[in-house]
>>> print(open('protein.tsv').read())   # TSV, C-alpha atoms (C1' of nucleotides)
chain	number	residue	atom	x	y	z
A	279	MET	CA	122.58	-20.07	59.62
A	280	PRO	CA	120.46	-18.35	57.21
A	281	GLU	CA	120.71	-14.87	55.92
A	282	LEU	CA	118.95	-13.70	52.78
A	283	PRO	CA	121.01	-15.77	50.28
A	284	GLU	CA	120.49	-19.00	52.21
A	285	VAL	CA	116.76	-18.38	52.55
A	286	GLU	CA	116.53	-17.59	48.84
A	287	THR	CA	118.43	-20.81	48.08
A	288	VAL	CA	115.93	-22.72	50.20
A	289	ARG	CA	113.00	-20.99	48.49
A	290	ARG	CA	114.28	-21.90	45.03
A	291	GLY	CA	114.94	-25.47	46.11
A	292	LEU	CA	111.51	-25.96	47.65
A	293	ALA	CA	109.45	-24.29	44.93
A	294	PRO	CA	109.43	-27.19	42.42
A	295	ALA	CA	108.20	-29.64	45.07
A	296	LEU	CA	105.71	-27.32	46.75
A	297	GLU	CA	104.16	-24.99	44.19
A	298	ASN	CA	100.85	-26.36	42.89
A	299	ALA	CA	101.11	-29.35	45.22
A	300	THR	CA	98.29	-30.23	47.59
A	301	LEU	CA	99.30	-31.07	51.15
A	302	THR	CA	98.05	-34.50	52.18
A	303	ALA	CA	99.66	-34.68	55.63
A	304	VAL	CA	101.49	-32.42	58.07
A	305	GLN	CA	103.34	-34.10	60.91
A	306	VAL	CA	104.33	-31.88	63.82
A	307	ARG	CA	106.63	-33.54	66.33
A	308	ILE	CA	107.38	-30.64	68.65
A	309	PRO	CA	105.11	-28.23	70.57
A	310	LYS	CA	107.18	-25.13	70.01
A	311	LEU	CA	110.16	-23.70	68.17
A	312	ARG	CA	110.88	-20.11	69.05
A	313	TRP	CA	107.17	-19.73	69.64
A	314	PRO	CA	104.45	-22.36	70.10
A	315	LEU	CA	103.43	-23.92	66.80
A	316	PRO	CA	99.86	-23.19	65.71
A	317	PRO	CA	97.85	-26.05	67.27
A	318	ASP	CA	95.70	-26.22	64.14
A	319	LEU	CA	98.63	-26.14	61.67
A	320	ALA	CA	97.97	-29.57	60.17
A	321	GLU	CA	94.23	-29.10	60.17
A	322	ARG	CA	94.50	-25.76	58.36
A	323	LEU	CA	96.89	-27.07	55.69
A	324	ILE	CA	95.78	-30.58	54.82
A	325	GLY	CA	93.77	-30.65	51.59
A	326	ASN	CA	94.97	-27.16	50.75
A	327	ARG	CA	97.05	-26.36	47.67
A	328	VAL	CA	100.29	-24.35	47.70
A	329	GLU	CA	100.02	-21.51	45.22
A	330	ARG	CA	103.33	-19.75	45.62
A	331	LEU	CA	106.47	-19.70	47.69
A	332	THR	CA	107.89	-16.22	48.28
A	333	ARG	CA	110.54	-14.64	50.49
A	334	ARG	CA	110.42	-11.46	52.56
A	335	ALA	CA	113.87	-10.72	54.00
A	336	LYS	CA	114.76	-13.92	55.88
A	337	TYR	CA	111.16	-15.16	56.02
A	338	LEU	CA	109.74	-17.80	53.71
A	339	LEU	CA	106.06	-17.34	52.93
A	340	VAL	CA	103.98	-20.27	51.73
A	341	HIS	CA	100.82	-18.91	50.09
A	342	MET	CA	97.94	-21.41	50.16
A	343	SER	CA	94.97	-21.51	47.80
A	344	ASP	CA	92.49	-20.68	50.56
A	345	GLY	CA	94.36	-17.47	51.45
A	346	CYS	CA	96.19	-18.83	54.44
A	347	VAL	CA	99.94	-18.09	54.61
A	348	VAL	CA	102.58	-20.13	56.42
A	349	ILE	CA	105.39	-17.94	57.76
A	350	ILE	CA	108.67	-19.81	58.15
A	351	HIS	CA	111.89	-18.51	59.70
A	352	LEU	CA	114.97	-20.72	59.91
A	353	GLY	CA	116.53	-19.04	62.94
A	354	MET	CA	120.23	-19.81	63.37
A	355	SER	CA	120.34	-23.49	62.54
A	356	GLY	CA	117.21	-24.31	60.57
A	357	HIS	CA	117.11	-25.96	57.20
A	358	MET	CA	114.57	-27.62	54.94
A	359	THR	CA	115.05	-30.66	52.77
A	360	VAL	CA	112.93	-32.28	50.09
A	361	TRP	CA	112.57	-36.05	49.92
A	362	PRO	CA	110.83	-36.90	46.65
A	363	GLU	CA	109.88	-40.26	48.16
A	364	ASP	CA	110.81	-42.47	51.11
A	365	ALA	CA	112.02	-39.91	53.61
A	366	PRO	CA	114.26	-41.45	56.27
A	367	THR	CA	112.99	-41.96	59.82
A	368	PRO	CA	112.96	-38.50	61.39
A	369	GLY	CA	115.87	-37.68	63.69
A	370	ARG	CA	115.57	-35.75	66.91
A	371	HIS	CA	115.84	-32.34	65.23
A	372	ASP	CA	113.45	-33.11	62.37
A	373	HIS	CA	110.47	-31.21	63.76
A	374	ILE	CA	107.91	-30.94	60.96
A	375	ASP	CA	107.10	-32.89	57.77
A	376	PHE	CA	104.88	-31.47	55.02
A	377	VAL	CA	103.70	-34.26	52.71
A	378	THR	CA	102.44	-33.50	49.19
A	379	ASP	CA	100.03	-35.37	46.92
A	380	ALA	CA	103.05	-36.28	44.77
A	381	GLY	CA	104.44	-38.20	47.74
A	382	ALA	CA	107.23	-35.70	48.48
A	383	VAL	CA	108.19	-34.92	52.07
A	384	ILE	CA	109.34	-31.38	52.86
A	385	ARG	CA	111.11	-31.61	56.19
A	386	PHE	CA	111.88	-28.77	58.62
A	387	THR	CA	114.97	-29.43	60.74
A	388	ASP	CA	116.32	-27.07	63.41
A	389	PRO	CA	118.70	-28.23	66.18
A	390	ARG	CA	118.71	-24.94	68.09
A	391	ARG	CA	114.98	-24.34	67.67
A	392	PHE	CA	115.37	-20.58	67.12
A	393	GLY	CA	113.24	-20.93	64.00
A	394	ALA	CA	109.54	-20.27	63.68
A	395	VAL	CA	106.53	-21.65	61.82
A	396	LEU	CA	103.43	-19.49	62.10
A	397	LEU	CA	100.12	-19.03	60.32
A	398	ASP	CA	98.55	-15.89	58.98
A	399	HIS	CA	96.26	-14.83	56.16
A	400	ALA	CA	97.01	-13.15	52.82
A	401	ASP	CA	94.76	-10.22	53.75
A	402	THR	CA	96.75	-9.34	56.86
A	403	ILE	CA	100.23	-10.64	56.11
A	404	ASP	CA	101.76	-7.19	55.53
A	405	ASP	CA	100.62	-6.14	58.98
A	406	HIS	CA	102.02	-9.21	60.69
A	407	LYS	CA	104.04	-8.27	63.74
A	408	LEU	CA	107.20	-9.91	62.42
A	409	LEU	CA	106.97	-8.40	58.93
A	410	SER	CA	105.43	-4.96	59.27
A	411	LYS	CA	108.54	-3.19	60.55
A	412	LEU	CA	111.02	-4.68	58.12
A	413	GLY	CA	113.00	-2.29	55.95
A	414	PRO	CA	113.34	-2.72	52.19
A	415	ASP	CA	114.58	-5.99	50.74
A	416	PRO	CA	118.10	-5.18	49.48
A	417	LEU	CA	117.45	-6.84	46.12
A	418	SER	CA	114.24	-4.90	45.49
A	419	ASN	CA	113.75	-1.58	43.74
A	420	GLN	CA	112.81	-0.05	47.10
A	421	PHE	CA	116.45	-0.28	48.08
A	422	ASN	CA	118.82	2.29	46.62
A	423	ALA	CA	121.52	4.69	47.80
A	424	GLU	CA	119.13	7.57	48.48
A	425	GLU	CA	116.82	5.40	50.53
A	426	LEU	CA	119.67	3.85	52.52
A	427	ALA	CA	121.22	7.29	53.17
A	428	ARG	CA	117.86	8.59	54.35
A	429	ARG	CA	117.46	5.70	56.79
A	430	LEU	CA	120.98	6.15	58.16
A	431	LYS	CA	120.82	9.93	58.48
A	432	GLY	CA	121.09	11.22	62.02
A	433	ARG	CA	122.02	7.85	63.49
A	434	SER	CA	125.03	7.74	65.77
A	435	SER	CA	125.30	3.97	66.07
A	436	PRO	CA	128.09	2.20	64.19
A	437	ILE	CA	127.20	1.25	60.62
A	438	LYS	CA	127.70	-2.44	61.46
A	439	ALA	CA	124.89	-2.29	64.00
A	440	ALA	CA	122.60	-0.34	61.65
A	441	LEU	CA	122.99	-2.89	58.86
A	442	MET	CA	122.21	-5.71	61.28
A	443	ASP	CA	118.97	-3.88	62.18
A	444	GLN	CA	116.27	-5.40	59.97
A	445	ARG	CA	114.23	-2.16	60.13
A	446	ILE	CA	116.93	-0.32	58.14
A	447	VAL	CA	117.45	-2.99	55.49
A	448	ALA	CA	115.99	-6.47	55.79
A	449	GLY	CA	117.86	-9.67	55.05
A	450	LEU	CA	121.47	-9.08	56.01
A	451	GLY	CA	123.13	-10.89	58.90
A	452	ASN	CA	126.59	-11.03	60.39
A	453	ILE	CA	128.41	-12.56	57.43
A	454	TYR	CA	127.01	-10.39	54.66
A	455	VAL	CA	127.26	-7.18	56.69
A	456	CYS	CA	130.97	-7.83	57.24
A	457	GLU	CA	131.54	-8.70	53.60
A	458	SER	CA	129.54	-5.73	52.29
A	459	LEU	CA	131.42	-3.28	54.49
A	460	PHE	CA	134.69	-4.72	53.25
A	461	ARG	CA	133.65	-4.42	49.61
A	462	SER	CA	132.63	-0.81	50.08
A	463	ALA	CA	135.79	-0.01	52.13
A	464	ILE	CA	133.70	1.36	55.01
A	465	SER	CA	134.79	0.81	58.61
A	466	PRO	CA	132.27	-1.14	60.71
A	467	LYS	CA	132.86	1.48	63.42
A	468	ARG	CA	131.90	4.46	61.25
A	469	LYS	CA	128.91	6.44	62.48
A	470	SER	CA	125.84	5.44	60.47
A	471	GLY	CA	124.86	9.03	59.84
A	472	THR	CA	128.10	9.71	57.97
A	473	VAL	CA	127.33	7.08	55.36
A	474	GLN	CA	125.84	9.44	52.77
A	475	GLY	CA	126.41	10.32	49.16
A	476	LYS	CA	129.26	8.37	47.57
A	477	ARG	CA	129.64	6.08	50.57
A	478	ALA	CA	125.96	5.19	50.53
A	479	GLU	CA	126.25	4.45	46.82
A	480	ALA	CA	129.30	2.26	47.35
A	481	LEU	CA	127.60	0.42	50.21
A	482	THR	CA	124.41	-0.14	48.26
A	483	ALA	CA	126.35	-1.59	45.34
A	484	ALA	CA	128.46	-3.73	47.68
A	485	ILE	CA	125.40	-5.18	49.42
A	486	ARG	CA	123.74	-6.01	46.12
A	487	GLY	CA	126.93	-7.53	44.74
A	488	VAL	CA	127.69	-9.65	47.79
A	489	LEU	CA	124.14	-10.99	47.95
A	490	ALA	CA	124.04	-11.76	44.23
A	491	ASP	CA	127.37	-13.59	44.42
A	492	ALA	CA	126.23	-15.53	47.47
A	493	ILE	CA	122.94	-16.58	45.89
A	494	ALA	CA	124.83	-17.68	42.77
A	495	ALA	CA	127.00	-19.83	45.05
A	496	GLY	CA	123.99	-21.42	46.72
A	497	GLY	CA	124.63	-19.49	49.94
A	498	THR	CA	127.17	-20.11	52.68
A	499	SER	CA	127.56	-23.55	54.27
A	500	LEU	CA	129.51	-23.24	57.51
A	501	ARG	CA	127.68	-25.83	59.54
A	502	ASP	CA	123.98	-26.17	59.06
A	503	HIS	CA	123.04	-24.73	55.71
A	504	VAL	CA	122.19	-27.18	52.96
A	505	SER	CA	119.90	-26.52	50.04
A	506	PRO	CA	116.71	-28.57	49.91
A	507	ASP	CA	118.29	-31.13	47.57
A	508	GLY	CA	121.14	-31.68	50.02
A	509	THR	CA	123.84	-29.79	48.14
A	510	LEU	CA	126.11	-27.40	50.01
A	511	GLY	CA	126.56	-23.70	49.33
A	512	TYR	CA	130.09	-22.59	48.64
A	513	PHE	CA	130.15	-18.82	49.21
A	514	GLN	CA	132.32	-19.42	52.31
A	515	HIS	CA	135.22	-19.96	49.92
A	516	GLN	CA	134.74	-16.41	48.65
A	517	PHE	CA	134.81	-14.70	52.06
A	518	SER	CA	137.12	-11.69	52.11
A	519	VAL	CA	137.04	-11.09	55.86
A	520	TYR	CA	134.45	-13.22	57.70
A	521	GLY	CA	136.22	-15.67	60.03
A	522	ARG	CA	139.62	-14.67	58.64
A	523	GLN	CA	141.14	-12.81	61.57
A	524	GLY	CA	144.95	-12.70	61.39
A	525	GLU	CA	145.00	-13.50	57.70
A	526	ALA	CA	146.23	-11.07	55.08
A	527	CYS	CA	143.65	-8.64	53.75
A	528	PRO	CA	142.85	-9.60	50.17
A	529	GLY	CA	142.64	-5.91	49.22
A	530	CYS	CA	145.92	-4.74	50.75
A	531	THR	CA	149.23	-5.31	49.00
A	532	CYS	CA	151.45	-4.17	51.85
A	533	ASP	CA	153.08	-6.38	54.46
A	534	ILE	CA	150.75	-8.22	56.83
A	535	GLU	CA	153.24	-7.41	59.63
A	536	LYS	CA	152.40	-3.74	59.18
A	537	THR	CA	148.66	-4.00	58.78
A	538	GLY	CA	148.01	-6.81	61.26
A	539	GLY	CA	145.79	-8.39	58.63
A	540	ILE	CA	142.10	-8.95	59.23
A	541	GLN	CA	140.96	-7.81	62.67
A	542	ARG	CA	138.18	-9.20	64.83
A	543	LEU	CA	136.18	-7.08	67.23
A	544	VAL	CA	132.88	-7.48	69.03
A	545	GLN	CA	130.04	-5.05	68.34
A	546	ALA	CA	126.67	-5.42	70.03
A	547	GLY	CA	127.70	-8.90	71.08
A	548	ARG	CA	128.55	-10.11	67.58
A	549	SER	CA	131.93	-10.69	65.94
A	550	THR	CA	132.97	-8.18	63.30
A	551	PHE	CA	135.78	-8.91	60.85
A	552	TYR	CA	137.45	-6.10	58.90
A	553	CYS	CA	140.65	-4.56	57.60
A	554	SER	CA	141.42	-1.37	59.53
A	555	ARG	CA	143.72	-0.13	56.81
A	556	ARG	CA	141.38	-0.53	53.88
A	557	GLN	CA	138.07	0.19	55.62
A	558	ARG	CA	137.63	3.79	56.81
B	171	DC	C1'	114.14	6.49	70.90
B	172	DG	C1'	119.12	4.30	71.54
B	173	DG	C1'	122.05	0.77	72.97
B	174	DC	C1'	123.27	-3.13	75.19
B	175	DA	C1'	122.96	-7.69	77.62
B	176	DA	C1'	120.28	-11.56	78.33
B	177	DA	C1'	117.35	-15.00	76.80
B	178	DC	C1'	115.96	-18.77	73.85
B	179	DC	C1'	118.63	-23.81	72.36
B	180	DT	C1'	122.13	-27.43	70.68
B	181	DG	C1'	126.55	-28.65	68.86
B	182	DC	C1'	131.30	-28.32	68.01
B	183	DG	C1'	136.20	-27.36	68.53
B	184	DA	C1'	139.88	-25.98	71.65
B	185	DG	C1'	142.22	-26.50	75.78
B	186	DC	C1'	143.16	-28.70	80.03
C	50	DT	C1'	138.74	-39.96	77.22
C	51	DG	C1'	136.05	-36.48	79.14
C	52	DC	C1'	135.08	-32.16	81.13
C	53	DT	C1'	134.48	-26.96	80.66
C	54	DC	C1'	134.50	-22.93	78.03
C	55	DG	C1'	133.64	-20.07	74.25
C	56	DC	C1'	131.63	-19.56	70.14
C	57	DA	C1'	128.04	-19.98	66.29
C	58	DG	C1'	124.52	-17.79	60.24
C	59	DG	C1'	118.92	-14.59	64.55
C	60	DT	C1'	115.64	-11.90	66.91
C	61	DT	C1'	112.93	-10.45	70.80
C	62	DT	C1'	112.65	-8.66	75.33
C	63	DG	C1'	113.70	-5.97	79.13
C	64	DC	C1'	116.54	-2.78	81.47
C	65	DC	C1'	119.11	1.65	81.87
>>> encode(input="protein.tsv", output="structure tokens")
Amino acid sequence: MPELPEVETVRRGLAPALENATLTAVQVRIPKLRWPLPPDLAERLIGNRVERLTRRAKYLLVHMSDGCVVIIHLGMSGHMTVWPEDAPTPGRHDHIDFVTDAGAVIRFTDPRRFGAVLLDHADTIDDHKLLSKLGPDPLSNQFNAEELARRLKGRSSPIKAALMDQRIVAGLGNIYVCESLFRSAISPKRKSGTVQGKRAEALTAAIRGVLADAIAAGGTSLRDHVSPDGTLGYFQHQFSVYGRQGEACPGCTCDIEKTGGIQRLVQAGRSTFYCSRRQR
DNA sequence: CGGCAAACCTGCGAGC
DNA sequence: TGCTCGCAGGTTTGCC
């Protein structure tokens, strides 16, 4: 499910229930997600206060008052919901409950179990194996056309693959890469190294714009994504190309018979959607 | 280092 | 109705 906008939606939804709350119980009902859960997770968190909830790329970081940091990744199908009181009986994919002193239950659900919940410490978090190699967050000041161009320079791989690589820019996934390439009129097959100058500027602006629009829409709800209060995102209604193969390109005025409409191809094992006429 | 397929899981829709 | 197949928002790992 979750790319940057969905994770940011989750962060914003969880913050009111978690920030400044003390955890009174942590119920872990599964031994492992993507990796084994820290055996001392509950022990380390109970009685501890949540100071801040932040996001790094697609990772949620829960900063505790004693310096410990909970790293949460939602994988493909993870979501988190807040129950202010009386949470329902956990279902088979409801793996972890965090209970606050206000009586709220913050529940981690993940059918495919590609997600992760790990522990680290504020002093070492930047060096954590999963975080240390991440590229700039596309909404931060570290991300701009010059920086993106520099990171793409000399690369022969297709731009689609480079944007999916979290070391180049961190937070995009399949949907937002497709949509950003469409907005900047760049072919997903274009060699990364040729995205310089004006193209890098257009791509940077497109990525920022797509992400901002998606966050404003509460993310994309195709199957699993719901915000912590249970509401659905609606950015899927604004897709230009994702999942729209065979449909008319929203940017082309000419006959769909001539253009073939939106195409689908597979790159590095993932579906790419694009308009071959508009995107070069 | 680059690039790709496989692996980790469950669920859903399409087609037979 | 029920089976099989392909596909799904991610990321790591291992192989060439």
>>> interface_residues(input="protein.tsv", of="chain A", to="chain C", cutoff="9 Å", atoms="all atoms listed in the file", output="PyMOL selection string")
chain A and resi 279-281+352-355+392-393+451-453+498-503
>>> interface_residues(input="protein.tsv", of="chain B", to="chain A", cutoff="9 Å", atoms="all atoms listed in the file", output="ChimeraX atom specification")
/B:172-175,178-181
>>> residues_around(input="protein.tsv", residues="A:Leu338", least_positions_apart="3", cutoff="9 Å", atoms="all atoms listed in the file", output="NGL selection string")
:A and (285-286 or 288-289 or 331-335 or 348-352)
>>> atom_distance(input="protein.tsv", atom1="atom CA of A:Gln557", atom2="atom CA of A:Ile534")
15.3 Å
